[in-house]
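S.K.: Got a structure for you, questions after.
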Number of protein chains: 2
Amino acid sequence: MKKIINDPSNFVEESIDGLIKSHPDIYSIAKDNNRVVTRAKKSSNKVGIVTGGGSGHLPVFTGYIGKGFLDACAVGSVFASPSVDQMFSAIKNANNGNGVLCIIGNYGGDVMNFEMACEMAEAEGIKTKKVIVADDIASAKISEKEKRRGIAGMIFVFKIAGAIAETGVSLDDVFKTATEANNNIRTLGVAMSPCILPEAGKPTFQIGDDEIEIGMGIHGEPGIKREKLKPANDLVDDLYKRIIEDSGIKSNDHIAIMINSLGATPLEELYIISKRVNENLLNSKIKNIKTFVGRYATSMEMAGMSITTLKLNDNLKKYLFENSECPFWNN
Amino acid sequence: MKKIINDPSNFVEESIDGLIKSHPDIYSIAKDNNRVVTRAKKSSNKVGIVTGGGSGHLPVFTGYIGKGFLDACAVGSVFASPSVDQMFSAIKNANNGNGVLCIIGNYGGDVMNFEMACEMAEAEGIKTKKVIVADDIASAKISEKEKRRGIAGMIFVFKIAGAIAETGVSLDDVFKTATEANNNIRTLGVAMSPCILPEAGKPTFQIGDDEIEIGMGIHGEPGIKREKLKPANDLVDDLYKRIIEDSGIKSNDHIAIMINSLGATPLEELYIISKRVNENLLNSKIKNIKTFVGRYATSMEMAGMSITTLKLNDNLKKYLFENSECPFWNN
């Protein structure tokens with residue numbers, strides 16, 4: 001895969017700078033840290049919402065800053081955790097006296113560094129809470145749900161937490177609803193081709209020309225099985241069955257779904273996938289309120305996709321559909 | 001590139017069906033033709049806006065149906081023109097007694113078939129006008145502008161024509177503003193890797209591992225030069241200089257820009273490109289009002305990108321920023 005880049009060592013700084021120059025009404029760089037992105041206009045009288053993680057997943061993480069979404073984001077190098085200092089800066093920048101909720105993908109470095117950053121913030125009198133997103137059903141059994149990785153379902157948590165925070169409720173209330181969203185998401189994906197890390201210049205993993213890997217992580221973490229490429233409907237049916245069983249979603253439940261490309265897989269294929277998922281939901285008498293189709297959580301030019309379900313109740317539904325201002329979310 | 005598809009011969013039907021099942025509030029299939037997509041709720045008291053073209057370019061063409069955008073679209077096979085019958089059906093479905101504007105990418109089959117479809121519509125008493133989009137500066141000299149192909153700039157024409165049509169003005173007035181938008185767009189792109197046609201199963205063209213082609217069309221039409229991959233800034237500077245010279249845009253002009261991925265090229269790279277374009281505009285004292293970054297006109301999993309400029313006046317600015325309802329446009 002040929003990359004349109006300059007010096008690979010400036011890849012992250014240049015892409016962040018481009019994000020801000022492209023959408024100056026939405027994003028800004030923090031004054032105290034050039035790897036922290038904040039809202040262009042700082043919010044007031046609300047709980048701050050922060051995330052952070054490695055680069056190479058746009059729009060995740062920093063793209064989801066905006067009114068009704070995040071307040072600040074710590075930006076790591078490609079596929080690498082941000083530092084404690086970056087996270088601490090993001091928390092301080094997001095705080096306006098009402099405390100900060102950190103929404104963290106469940107990756108060792110991200111969680112550990114956010115824990116330390118939260119301690120530092122608490123020591124300065126900033127109240128913090130953490131929601132650790134764990135939606136990838138391939139990465140651990142349901143009985144060890146807290147070990148699961150966070151992938152595309154994270155965006156539903158960003159959206160819902162961001163929306164309730166705008167209403168001015170307390171940190172405890174934002175935490176409660178964000179936790180509810182986190183508990184109600186399930187994702188399973190399939191990887192078909194690797195991406196190339198700009199600095200390393202080589203693929204993240206090897207896979208045969210006719211092979212796919214079910215449940216592979218967005219950094220190439222091992223999945224649950226490697227198998228031959230099969231027709232879209234067979235693949236979808238396999239993923240669908242696993243997701244619905246794991247989620248406990250049953251007939252008459254209301255849900256939203258996200259069909260997410262890891263990067264190279266085009267919209268035409270996502271819609272072929274979405275067709276089958278929606279047909280399966282109809283057969284299961286599960287009420288799909290809204291289908292999101294696109295590139296929400298990627299690994300640069302990786303081919304593959306994931307399917308996410310979000311089980312809805314009236315509370316989650318209300319905040320999922322609130323207006324927001326973010327280039328990567330269509331209200 | 002591995003594809004998540006079923007029978008390649010059903011690729012188009014299944015992806016359209018998935019589009020409609022995913023966004024049933026926006027899209028519907030025409031009652032009289034299964035290759036024509038219409039709005040879910042037919043509009044009234046306005047000029048109808050129609051387009052049509054080959055599949056494999058989502059969101060182009062049919063994705064841009066929606067309030068403030070298109071009314072109907074004729075959907076061809078992958079990289080193939082729709083039939084006259086499909087276009088005629090799209091025109092009839094879009095018409096509510098106020099005439100229909102057809103916005104057509106400048107490709108031989110599309111233009112010829114739309115001409116015949118418009119004649120058939122006129123014979124049934126439906127007033128029609130055509131705007132033939134020709135923004136690709138690589139495909140013909142400025143003195144033969146009418147020979148240029150239509151690429152990503154087309155979306156600006158869809159948006160502006162769609163927005164003015166909603167105000168209820170006459171077909172002549174919609175045509176005039178759409179023509180103004182068409183005259184004011186310039187696009188130049190670069191292709192880096194081919195895509196694979198589902199039915200043919202082979203790449204659309206061959207290109208060396210270290211080569212790129214400036215100005216190559218979105219179906220692999222020959223560009224203006226093939227050269228070695230170079231740093232993003234050098235590539236952008238080359239494209240920028242050609243676009244600005246061709247467009248006649250000068251300091252103090254107001255413009256909008258679109259940085260469009262052909263498919264596989266990820267957001268990180270688009271933002272590195274956008275950074276440089278925005279810096280060049282600042283140096284040229286050209287006022288960029290809005291930057292659009294994303295996948296607006298693709299060739300499935302092709303790698304590469306295009307840069308589009310739209311020279312704005314008060315009229316075009318007003319309609320570019322009107323609200324609309326379309327999954328692929330963020331107001």
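Chain labels run A, B, ... following the order of the structure tokens; each chain numbers its residues from 1, and ligands are numbered from 1 in the order shown.
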I need the contact residues of chain A against chain B, so if you could list those with any atom within 8 Å, counting only C-alpha atoms, and return them as a PyMOL selection string, that would help.

M.R.: chain A and resi 1-7+11-12+14-19+21-23+56+58-59+192-193+209-210+229-233+263-276+278+290-293+300-301+303+327-330

S.K.: I need the alpha helix (DSSP H) residues of range 211-241 of chain A per DSSP on the backbone, written as a list in words.

M.R.: Ala232, Asn233, Asp234, Leu235, Val236, Asp237, Asp238, Leu239, Tyr240 and Lys241 of chain A

S.K.: If you measure from CA of Lys159 in chain B to CA of Phe69 in chain A, what distance in Å do you get, rounded to one decimal?

M.R.: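 Computing it gives 26.4 Å between the two atoms.
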
S.K.: Give me the residues near range 237-254 of chain B as a VMD selection string, where near means some atom within 7 Å (using only C-alpha atoms) and where sequence neighbours in that chain fewer than 3 positions away do not count.

M.R.: chain B and resid 142 186 to 188 233 to 234 284 to 289 311 to 312

S.K.: Can you spit out the residues from that selection as an mmCIF file, in the first residue's frame, using N, CA and C atoms?

M.R.:
data_model
loop_
_atom_site.group_PDB
_atom_site.id
_atom_site.type_symbol
_atom_site.label_atom_id
_atom_site.label_comp_id
_atom_site.auth_asym_id
_atom_site.auth_seq_id
_atom_site.Cartn_x
_atom_site.Cartn_y
_atom_site.Cartn_z
ATOM 1 N N ILE B 142 -8.279 23.596 -20.848
ATOM 2 C CA ILE B 142 -9.331 24.555 -20.473
ATOM 3 C C ILE B 142 -10.103 25.037 -21.706
ATOM 4 N N ARG B 186 -13.110 22.744 -9.955
ATOM 5 C CA ARG B 186 -11.929 22.164 -10.603
ATOM 6 C C ARG B 186 -11.448 21.013 -9.724
ATOM 7 N N THR B 187 -11.112 19.889 -10.335
ATOM 8 C CA THR B 187 -10.609 18.742 -9.577
ATOM 9 C C THR B 187 -9.382 18.169 -10.279
ATOM 10 N N LEU B 188 -8.425 17.737 -9.464
ATOM 11 C CA LEU B 188 -7.306 16.960 -10.001
ATOM 12 C C LEU B 188 -6.952 15.890 -8.975
ATOM 13 N N ASN B 233 3.805 16.533 0.381
ATOM 14 C CA ASN B 233 3.827 17.978 0.123
ATOM 15 C C ASN B 233 4.199 18.289 -1.325
ATOM 16 N N ASP B 234 5.140 17.556 -1.878
ATOM 17 C CA ASP B 234 5.523 17.774 -3.286
ATOM 18 C C ASP B 234 4.363 17.430 -4.218
ATOM 19 N N SER B 284 -1.359 31.934 -0.525
ATOM 20 C CA SER B 284 -1.895 32.602 -1.725
ATOM 21 C C SER B 284 -2.955 33.646 -1.364
ATOM 22 N N LYS B 285 -3.226 33.788 -0.067
ATOM 23 C CA LYS B 285 -4.278 34.721 0.423
ATOM 24 C C LYS B 285 -5.650 34.419 -0.189
ATOM 25 N N ILE B 286 -5.881 33.138 -0.448
ATOM 26 C CA ILE B 286 -7.207 32.696 -0.899
ATOM 27 C C ILE B 286 -7.971 32.245 0.338
ATOM 28 N N LYS B 287 -9.203 32.705 0.471
ATOM 29 C CA LYS B 287 -9.970 32.458 1.694
ATOM 30 C C LYS B 287 -10.756 31.151 1.568
ATOM 31 N N ASN B 288 -10.298 30.118 2.297
ATOM 32 C CA ASN B 288 -11.014 28.841 2.295
ATOM 33 C C ASN B 288 -12.102 28.865 3.361
ATOM 34 N N ILE B 289 -13.348 28.826 2.908
ATOM 35 C CA ILE B 289 -14.486 28.927 3.827
ATOM 36 C C ILE B 289 -14.773 27.586 4.495
ATOM 37 N N LYS B 311 -15.086 27.697 -6.410
ATOM 38 C CA LYS B 311 -15.037 29.150 -6.219
ATOM 39 C C LYS B 311 -16.427 29.632 -5.839
ATOM 40 N N LEU B 312 -16.500 30.367 -4.748
ATOM 41 C CA LEU B 312 -17.795 30.741 -4.195
ATOM 42 C C LEU B 312 -18.157 32.188 -4.503
#
